[in-house]
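Here is the file work_22.pdb (PDB, C-alpha atoms, pLDDT in the B column).
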ATOM      1  CA  MET A  12      73.609 105.006 135.082  1.00 88.00           C
ATOM      2  CA  ILE A  13      75.917 104.530 138.090  1.00 91.00           C
ATOM      3  CA  GLU A  14      78.793 105.646 135.869  1.00 94.00           C
ATOM      4  CA  TYR A  15      76.829 108.786 134.924  1.00 95.00           C
ATOM      5  CA  LEU A  16      76.052 109.519 138.588  1.00 96.00           C
ATOM      6  CA  ASN A  17      79.655 109.029 139.728  1.00 95.00           C
ATOM      7  CA  GLU A  18      81.171 111.088 136.899  1.00 96.00           C
ATOM      8  CA  HIS A  19      78.636 113.878 137.209  1.00 95.00           C
ATOM      9  CA  LYS A  20      78.961 113.986 141.007  1.00 96.00           C
ATOM     10  CA  THR A  21      82.747 114.413 140.652  1.00 96.00           C
ATOM     11  CA  GLU A  22      82.169 117.206 138.122  1.00 96.00           C
ATOM     12  CA  LEU A  23      79.749 119.004 140.463  1.00 95.00           C
ATOM     13  CA  GLU A  24      82.171 118.628 143.404  1.00 95.00           C
ATOM     14  CA  GLN A  25      84.978 120.194 141.355  1.00 95.00           C
ATOM     15  CA  LYS A  26      82.764 123.136 140.321  1.00 94.00           C
ATOM     16  CA  TYR A  27      81.223 123.673 143.762  1.00 94.00           C
ATOM     17  CA  HIS A  28      83.551 126.457 144.913  1.00 91.00           C
ATOM     18  CA  ASN A  29      83.482 128.330 141.595  1.00 90.00           C
ATOM     19  CA  ALA A  30      81.658 131.640 141.807  1.00 82.00           C
ATOM     20  CA  ALA A  31      78.055 131.046 140.767  1.00 83.00           C
ATOM     21  CA  ILE A  32      74.827 132.995 140.622  1.00 84.00           C
ATOM     22  CA  ILE A  33      72.328 131.171 142.802  1.00 88.00           C
ATOM     23  CA  SER A  34      68.744 132.296 142.404  1.00 90.00           C
ATOM     24  CA  ASP A  35      65.433 131.436 144.020  1.00 90.00           C
ATOM     25  CA  GLY A  36      63.877 130.996 140.582  1.00 90.00           C
ATOM     26  CA  ASP A  37      66.523 128.521 139.400  1.00 94.00           C
ATOM     27  CA  ASP A  38      66.313 126.453 142.575  1.00 95.00           C
ATOM     28  CA  ILE A  39      62.522 126.305 142.646  1.00 95.00           C
ATOM     29  CA  GLY A  40      62.550 125.432 138.932  1.00 95.00           C
ATOM     30  CA  LYS A  41      64.902 122.532 139.648  1.00 97.00           C
ATOM     31  CA  LEU A  42      62.718 121.422 142.557  1.00 97.00           C
ATOM     32  CA  ARG A  43      59.586 121.580 140.370  1.00 96.00           C
ATOM     33  CA  ASN A  44      61.280 119.410 137.729  1.00 97.00           C
ATOM     34  CA  ILE A  45      62.358 116.899 140.375  1.00 97.00           C
ATOM     35  CA  ALA A  46      58.859 116.903 141.908  1.00 96.00           C
ATOM     36  CA  GLU A  47      57.100 116.441 138.573  1.00 95.00           C
ATOM     37  CA  ALA A  48      59.414 113.540 137.710  1.00 96.00           C
ATOM     38  CA  LEU A  49      58.775 111.944 141.119  1.00 96.00           C
ATOM     39  CA  THR A  50      55.016 111.923 140.428  1.00 94.00           C
ATOM     40  CA  HIS A  51      55.795 108.995 138.084  1.00 93.00           C
ATOM     41  CA  ILE A  52      56.616 106.785 141.080  1.00 94.00           C
ATOM     42  CA  GLN A  53      54.869 108.497 144.029  1.00 92.00           C
ATOM     43  CA  SER A  54      51.462 110.073 144.524  1.00 92.00           C
ATOM     44  CA  PHE A  55      51.246 113.708 145.696  1.00 94.00           C
ATOM     45  CA  LYS A  56      49.941 117.073 144.479  1.00 94.00           C
ATOM     46  CA  LEU A  57      51.858 120.305 143.957  1.00 94.00           C
ATOM     47  CA  THR A  58      50.293 123.668 144.769  1.00 94.00           C
ATOM     48  CA  GLN A  59      51.303 127.086 146.082  1.00 93.00           C
ATOM     49  CA  TYR A  60      50.238 129.331 148.937  1.00 94.00           C
ATOM     50  CA  ARG A  61      49.264 132.972 148.481  1.00 92.00           C
ATOM     51  CA  LEU A  62      49.342 135.871 150.913  1.00 92.00           C
ATOM     52  CA  GLY A  63      47.314 138.546 149.150  1.00 91.00           C
ATOM     53  CA  LYS A  64      49.584 140.612 146.926  1.00 92.00           C
ATOM     54  CA  ARG A  65      52.590 140.227 149.196  1.00 92.00           C
ATOM     55  CA  VAL A  66      55.765 138.698 147.817  1.00 93.00           C
ATOM     56  CA  LEU A  67      56.664 135.291 149.213  1.00 94.00           C
ATOM     57  CA  PRO A  68      59.852 133.315 148.749  1.00 94.00           C
ATOM     58  CA  GLU A  69      59.745 131.043 145.675  1.00 94.00           C
ATOM     59  CA  HIS A  70      58.072 127.875 146.947  1.00 96.00           C
ATOM     60  CA  ILE A  71      56.008 124.799 146.250  1.00 96.00           C
ATOM     61  CA  VAL A  72      53.519 123.034 148.498  1.00 96.00           C
ATOM     62  CA  ILE A  73      53.669 119.246 148.419  1.00 96.00           C
ATOM     63  CA  GLN A  74      50.291 117.811 149.357  1.00 93.00           C
ATOM     64  CA  HIS A  75      50.408 114.206 150.531  1.00 86.00           C
ATOM     65  CA  GLY A  76      46.907 113.187 151.632  1.00 83.00           C
ATOM     66  CA  GLN A  77      46.036 115.641 154.405  1.00 86.00           C
ATOM     67  CA  LYS A  78      49.680 116.683 154.930  1.00 89.00           C
ATOM     68  CA  HIS A  79      51.088 119.847 153.390  1.00 95.00           C
ATOM     69  CA  HIS A  80      54.834 120.509 153.258  1.00 96.00           C
ATOM     70  CA  VAL A  81      56.214 123.765 151.893  1.00 97.00           C
ATOM     71  CA  ILE A  82      59.721 124.012 150.477  1.00 97.00           C
ATOM     72  CA  ALA A  83      60.908 127.536 149.715  1.00 97.00           C
ATOM     73  CA  PHE A  84      64.183 129.072 148.587  1.00 96.00           C
ATOM     74  CA  LEU A  85      65.397 132.509 149.651  1.00 96.00           C
ATOM     75  CA  GLU A  86      68.787 133.348 148.156  1.00 94.00           C
ATOM     76  CA  ILE A  87      68.521 137.151 148.008  1.00 90.00           C
ATOM     77  CA  SER A  88      69.901 139.434 150.724  1.00 87.00           C
ATOM     78  CA  GLY A  89      69.097 142.776 152.311  1.00 87.00           C
ATOM     79  CA  THR A  90      65.637 144.305 152.549  1.00 89.00           C
ATOM     80  CA  PRO A  91      64.031 141.874 150.046  1.00 92.00           C
ATOM     81  CA  PHE A  92      65.198 138.939 152.228  1.00 95.00           C
ATOM     82  CA  THR A  93      63.698 140.504 155.349  1.00 95.00           C
ATOM     83  CA  SER A  94      60.333 141.343 153.780  1.00 95.00           C
ATOM     84  CA  ARG A  95      59.981 137.889 152.162  1.00 96.00           C
ATOM     85  CA  ILE A  96      60.921 135.940 155.293  1.00 97.00           C
ATOM     86  CA  THR A  97      58.488 138.133 157.282  1.00 96.00           C
ATOM     87  CA  ASN A  98      55.707 137.168 154.841  1.00 97.00           C
ATOM     88  CA  PHE A  99      56.838 133.522 154.940  1.00 97.00           C
ATOM     89  CA  ASN A 100      56.658 133.529 158.744  1.00 97.00           C
ATOM     90  CA  GLU A 101      53.092 134.833 158.504  1.00 96.00           C
ATOM     91  CA  LEU A 102      52.251 131.820 156.301  1.00 95.00           C
ATOM     92  CA  VAL A 103      53.810 129.556 158.942  1.00 96.00           C
ATOM     93  CA  ILE A 104      51.587 131.096 161.626  1.00 95.00           C
ATOM     94  CA  ASN A 105      48.449 131.003 159.430  1.00 94.00           C
ATOM     95  CA  ASN A 106      48.950 127.323 158.460  1.00 94.00           C
ATOM     96  CA  PRO A 107      49.817 125.429 161.659  1.00 95.00           C
ATOM     97  CA  GLN A 108      48.854 122.112 160.006  1.00 94.00           C
ATOM     98  CA  SER A 109      51.589 122.540 157.358  1.00 96.00           C
ATOM     99  CA  LYS A 110      55.355 122.049 157.636  1.00 97.00           C
ATOM    100  CA  PHE A 111      57.655 124.733 156.232  1.00 97.00           C
ATOM    101  CA  ASP A 112      61.306 124.531 155.125  1.00 97.00           C
ATOM    102  CA  LEU A 113      63.043 127.724 154.010  1.00 97.00           C
ATOM    103  CA  ILE A 114      66.318 126.908 152.248  1.00 97.00           C
ATOM    104  CA  ARG A 115      69.314 129.153 151.626  1.00 96.00           C
ATOM    105  CA  ASP A 116      72.589 128.076 150.017  1.00 95.00           C
ATOM    106  CA  GLU A 117      75.501 128.234 152.469  1.00 95.00           C
ATOM    107  CA  ARG A 118      77.618 130.019 149.827  1.00 94.00           C
ATOM    108  CA  GLN A 119      75.304 133.039 149.892  1.00 93.00           C
ATOM    109  CA  PRO A 120      76.253 136.022 152.060  1.00 92.00           C
ATOM    110  CA  GLU A 121      75.313 135.506 155.689  1.00 92.00           C
ATOM    111  CA  ILE A 122      72.263 137.466 156.810  1.00 93.00           C
ATOM    112  CA  SER A 123      73.745 140.189 158.986  1.00 92.00           C
ATOM    113  CA  GLY A 124      70.799 142.555 159.477  1.00 92.00           C
ATOM    114  CA  LYS A 125      69.234 142.579 162.934  1.00 95.00           C
ATOM    115  CA  VAL A 126      65.658 142.149 161.669  1.00 95.00           C
ATOM    116  CA  GLY A 127      66.614 139.430 159.159  1.00 94.00           C
ATOM    117  CA  LYS A 128      68.398 137.461 161.891  1.00 96.00           C
ATOM    118  CA  GLU A 129      65.392 137.899 164.179  1.00 97.00           C
ATOM    119  CA  ARG A 130      63.017 136.579 161.483  1.00 96.00           C
ATOM    120  CA  ILE A 131      65.245 133.487 161.014  1.00 97.00           C
ATOM    121  CA  LYS A 132      65.121 132.862 164.797  1.00 97.00           C
ATOM    122  CA  GLN A 133      61.327 133.246 164.774  1.00 97.00           C
ATOM    123  CA  LEU A 134      61.032 130.673 161.987  1.00 97.00           C
ATOM    124  CA  GLU A 135      63.401 128.297 163.799  1.00 96.00           C
ATOM    125  CA  ASN A 136      61.396 128.656 167.022  1.00 97.00           C
ATOM    126  CA  SER A 137      58.041 127.961 165.377  1.00 96.00           C
ATOM    127  CA  ALA A 138      56.534 124.507 165.843  1.00 95.00           C
ATOM    128  CA  ASN A 139      56.245 123.898 162.102  1.00 97.00           C
ATOM    129  CA  GLY A 140      59.089 125.860 160.450  1.00 97.00           C
ATOM    130  CA  ASN A 141      62.770 125.283 159.649  1.00 97.00           C
ATOM    131  CA  PHE A 142      65.520 127.450 158.227  1.00 97.00           C
ATOM    132  CA  ILE A 143      67.963 125.198 156.366  1.00 96.00           C
ATOM    133  CA  LEU A 144      71.381 126.108 155.050  1.00 95.00           C
ATOM    134  CA  PHE A 145      71.971 123.971 151.965  1.00 94.00           C
ATOM    135  CA  ASN A 146      75.479 122.576 152.468  1.00 95.00           C
ATOM    136  CA  LYS A 147      77.861 121.219 149.845  1.00 96.00           C
ATOM    137  CA  GLN A 148      76.448 117.684 149.964  1.00 96.00           C
ATOM    138  CA  ASP A 149      72.835 118.962 149.781  1.00 96.00           C
ATOM    139  CA  ARG A 150      73.639 121.144 146.767  1.00 96.00           C
ATOM    140  CA  ILE A 151      75.609 118.503 144.875  1.00 96.00           C
ATOM    141  CA  LEU A 152      72.960 115.794 145.339  1.00 96.00           C
ATOM    142  CA  PHE A 153      70.151 118.235 144.503  1.00 97.00           C
ATOM    143  CA  ASP A 154      71.858 119.359 141.279  1.00 97.00           C
ATOM    144  CA  LEU A 155      72.843 115.772 140.454  1.00 97.00           C
ATOM    145  CA  ILE A 156      69.238 114.505 140.717  1.00 97.00           C
ATOM    146  CA  TYR A 157      68.015 117.452 138.647  1.00 97.00           C
ATOM    147  CA  ASP A 158      70.696 116.895 135.988  1.00 97.00           C
ATOM    148  CA  LEU A 159      69.905 113.162 135.886  1.00 97.00           C
ATOM    149  CA  ILE A 160      66.225 113.894 135.199  1.00 97.00           C
ATOM    150  CA  ILE A 161      67.029 116.494 132.528  1.00 97.00           C
ATOM    151  CA  SER A 162      69.550 114.150 130.858  1.00 96.00           C
ATOM    152  CA  ILE A 163      66.858 111.463 130.672  1.00 96.00           C
ATOM    153  CA  TYR A 164      64.255 113.935 129.330  1.00 96.00           C
ATOM    154  CA  ASN A 165      66.724 115.187 126.707  1.00 95.00           C
ATOM    155  CA  LYS A 166      67.623 111.599 125.787  1.00 95.00           C
ATOM    156  CA  ASP A 167      71.291 112.264 126.630  1.00 94.00           C
ATOM    157  CA  LEU A 168      71.079 109.283 128.967  1.00 93.00           C
ATOM    158  CA  ASP A 169      69.338 106.141 127.743  1.00 94.00           C
ATOM    159  CA  VAL A 170      67.690 105.110 131.005  1.00 94.00           C
ATOM    160  CA  ASP A 171      64.041 104.702 131.946  1.00 95.00           C
ATOM    161  CA  LEU A 172      62.934 107.627 134.171  1.00 96.00           C
ATOM    162  CA  GLU A 173      61.039 105.449 136.657  1.00 96.00           C
ATOM    163  CA  SER A 174      63.997 103.049 137.009  1.00 96.00           C
ATOM    164  CA  ALA A 175      66.426 105.931 137.552  1.00 96.00           C
ATOM    165  CA  LEU A 176      64.193 107.561 140.176  1.00 96.00           C
ATOM    166  CA  THR A 177      63.574 104.263 141.949  1.00 96.00           C
ATOM    167  CA  PHE A 178      67.350 103.754 142.044  1.00 96.00           C
ATOM    168  CA  VAL A 179      68.207 107.166 143.548  1.00 96.00           C
ATOM    169  CA  THR A 180      65.353 107.015 146.078  1.00 96.00           C
ATOM    170  CA  THR A 181      66.387 103.561 147.347  1.00 95.00           C
ATOM    171  CA  HIS A 182      70.198 103.868 147.545  1.00 95.00           C
ATOM    172  CA  GLN A 183      71.735 105.717 150.491  1.00 93.00           C
ATOM    173  CA  GLU A 184      74.566 107.212 148.433  1.00 94.00           C
ATOM    174  CA  TRP A 185      72.152 109.013 146.078  1.00 95.00           C
ATOM    175  CA  TYR A 186      69.275 109.682 148.492  1.00 96.00           C
ATOM    176  CA  HIS A 187      68.559 113.375 149.163  1.00 96.00           C
ATOM    177  CA  TRP A 188      66.621 114.287 152.328  1.00 95.00           C
ATOM    178  CA  ILE A 189      64.166 116.213 150.138  1.00 94.00           C
ATOM    179  CA  PHE A 190      62.845 112.836 148.896  1.00 95.00           C
ATOM    180  CA  SER A 191      61.408 112.250 152.394  1.00 93.00           C
ATOM    181  CA  ILE A 192      59.135 115.271 151.938  1.00 92.00           C
ATOM    182  CA  PHE A 193      57.661 113.580 148.853  1.00 93.00           C
ATOM    183  CA  GLY A 194      56.848 110.485 150.914  1.00 91.00           C
ATOM    184  CA  PHE A 195      59.936 108.319 150.324  1.00 93.00           C
ATOM    185  CA  THR A 196      61.512 106.401 153.182  1.00 92.00           C
ATOM    186  CA  PRO A 197      65.266 106.886 153.558  1.00 93.00           C
ATOM    187  CA  PRO A 198      67.158 103.687 152.676  1.00 92.00           C
ATOM    188  CA  LYS A 199      68.850 101.799 155.499  1.00 85.00           C
ATOM    189  CA  LYS A 200      72.578 102.386 155.864  1.00 73.00           C
TER
END

As structure tokens, please, write out the structure in this file.
Amino acid sequence: MIEYLNEHKTELEQKYHNAAIISDGDDIGKLRNIAEALTHIQSFKLTQYRLGKRVLPEHIVIQHGQKHHVIAFLEISGTPFTSRITNFNELVINNPQSKFDLIRDERQPEISGKVGKERIKQLENSANGNFILFNKQDRILFDLIYDLIISIYNKDLDVDLESALTFVTTHQEWYHWIFSIFGFTPPKK
């Protein structure tokens, strides 16, 4: 498995700067797959928030006991970005007991509109919200963990899912900060 991780990580690093279509739907789908796999070794529930008929960024709510943590992706630009982050910020205000992370890939165009920038600042200044730019390391580890899970599901990699997940959640080199949201403790360096 370590060989798979090392080889695949190198592959992802080489492809990182290639032009790619990054979508909210793809990223949330990957996160859902990772989350569902992690339920094999950790206890939490997955739900979603609603805001009437308004469009929210693609997201999941991770419920750990009484704690709720929302992870959302917002890769689009322009007016749709502004309206979705506005709705997201309303969720942040309406759910002060929850934590919110809104993620955008650093390779996406920078938000240049005045209102969009203002909404990002509002989220950053809230007590329970974060705007996170997914950097190269975040993206590579995220895709690597997703690919590992899919390779195991598809039987392309003959490794036990629980063993693989226990390995990546307990080794610093493979640990993604997102694991902390699911209740895992970062391994010591």

Evaluated on this file, the PyMOL selection byres ((chain A and resi 65) around 12) picks out some residues - which ones are they, written as an MDAnalysis selection string?
chainID A and resid 60:64 66:68 91 94:99 101:102

Written as a PDB file with C-alpha atoms, keeping the file's coordinate frame, what is the full residue list that the PyMOL selection byres ((chain A and resi 75) around 10) yields on the file shown?
ATOM      1  CA  GLN A  53      54.869 108.497 144.029  1.00 92.00           C
ATOM      2  CA  SER A  54      51.462 110.073 144.524  1.00 92.00           C
ATOM      3  CA  PHE A  55      51.246 113.708 145.696  1.00 94.00           C
ATOM      4  CA  LYS A  56      49.941 117.073 144.479  1.00 94.00           C
ATOM      5  CA  LEU A  57      51.858 120.305 143.957  1.00 94.00           C
ATOM      6  CA  VAL A  72      53.519 123.034 148.498  1.00 96.00           C
ATOM      7  CA  ILE A  73      53.669 119.246 148.419  1.00 96.00           C
ATOM      8  CA  GLN A  74      50.291 117.811 149.357  1.00 93.00           C
ATOM      9  CA  GLY A  76      46.907 113.187 151.632  1.00 83.00           C
ATOM     10  CA  GLN A  77      46.036 115.641 154.405  1.00 86.00           C
ATOM     11  CA  LYS A  78      49.680 116.683 154.930  1.00 89.00           C
ATOM     12  CA  HIS A  79      51.088 119.847 153.390  1.00 95.00           C
ATOM     13  CA  HIS A  80      54.834 120.509 153.258  1.00 96.00           C
ATOM     14  CA  ILE A 192      59.135 115.271 151.938  1.00 92.00           C
ATOM     15  CA  PHE A 193      57.661 113.580 148.853  1.00 93.00           C
ATOM     16  CA  GLY A 194      56.848 110.485 150.914  1.00 91.00           C
TER      17      GLY A 194
END

Long-range neighbours of Ser137 of chain A as a PyMOL selection string, 9 Å cut-off, all atoms listed in the file, 5 positions minimum in chain
chain A and resi 100+103-104+132

Output the residue selection produced by the PyMOL selection byres ((chain A and resi 178-189) around 10) on the file above, formatted as a count of residues only.
36

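Once Pro120 of chain A and its same-chain neighbours fewer than 4 positions away are set aside, A:Glu86, A:Ile87, A:Ser88, A:Gly89, A:Arg115, A:Asp116 remain within 10 Å of it when counting only C-alpha atoms.
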
From the set A:Ala31, A:Asp112, A:Glu47, A:Glu129, which residue has the shortest atom-to-atom contact distance to His70 of chain A, counting only C-alpha atoms?
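Of the candidates, the smallest distance to His70 of chain A is held by A:Asp112.
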
Using all atoms listed in the file, the shortest atom-to-atom distance to Leu144 of chain A among A:Arg130, A:Ile114, A:Ile160, A:Leu168 belongs to A:Ile114

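Between atom CA of Ile143 of chain A and atom CA of Lys125 of chain A there is a distance of 18.6 Å.
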
Using all atoms listed in the file, which residue out of A:Gly140, A:Glu117, A:Val170, A:Lys110 lies closest to Tyr27 of chain A?
A:Glu117

Edge lengths and centre, in Å to one decimal, as lines of an AutoDock Vina configuration file: that's what I need for the box along x, y and z that holds all listed atoms of segment 25-37 of chain A plus 6 Å on each side.
center_x = 74.4
center_y = 126.6
center_z = 142.2
size_x = 33.1
size_y = 24.8
size_z = 17.5

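Here the question is which of A:Phe92, A:Val126, A:Ala83, A:Ala138 gets nearest to Ser109 of chain A using all atoms listed in the file, and that residue is A:Ala138.
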
Straight-line distance linking atom CA of Asp167 of chain A with atom CA of Tyr15 of chain A, stated in Å to one decimal
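Between these atoms lies a distance of 10.6 Å.
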
Between atom CA of Tyr157 of chain A and atom CA of Thr58 of chain A, what is the spacing in Å?
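Result for atom CA of Thr58 of chain A versus atom CA of Tyr157 of chain A: 19.8 Å, one decimal.
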
Taking into account all atoms listed in the file, which residue in the set A:Glu69, A:Asp154, A:Glu22, A:Glu121 is nearest to Ile39 of chain A?
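Closest to Ile39 of chain A of all the choices is A:Glu69.
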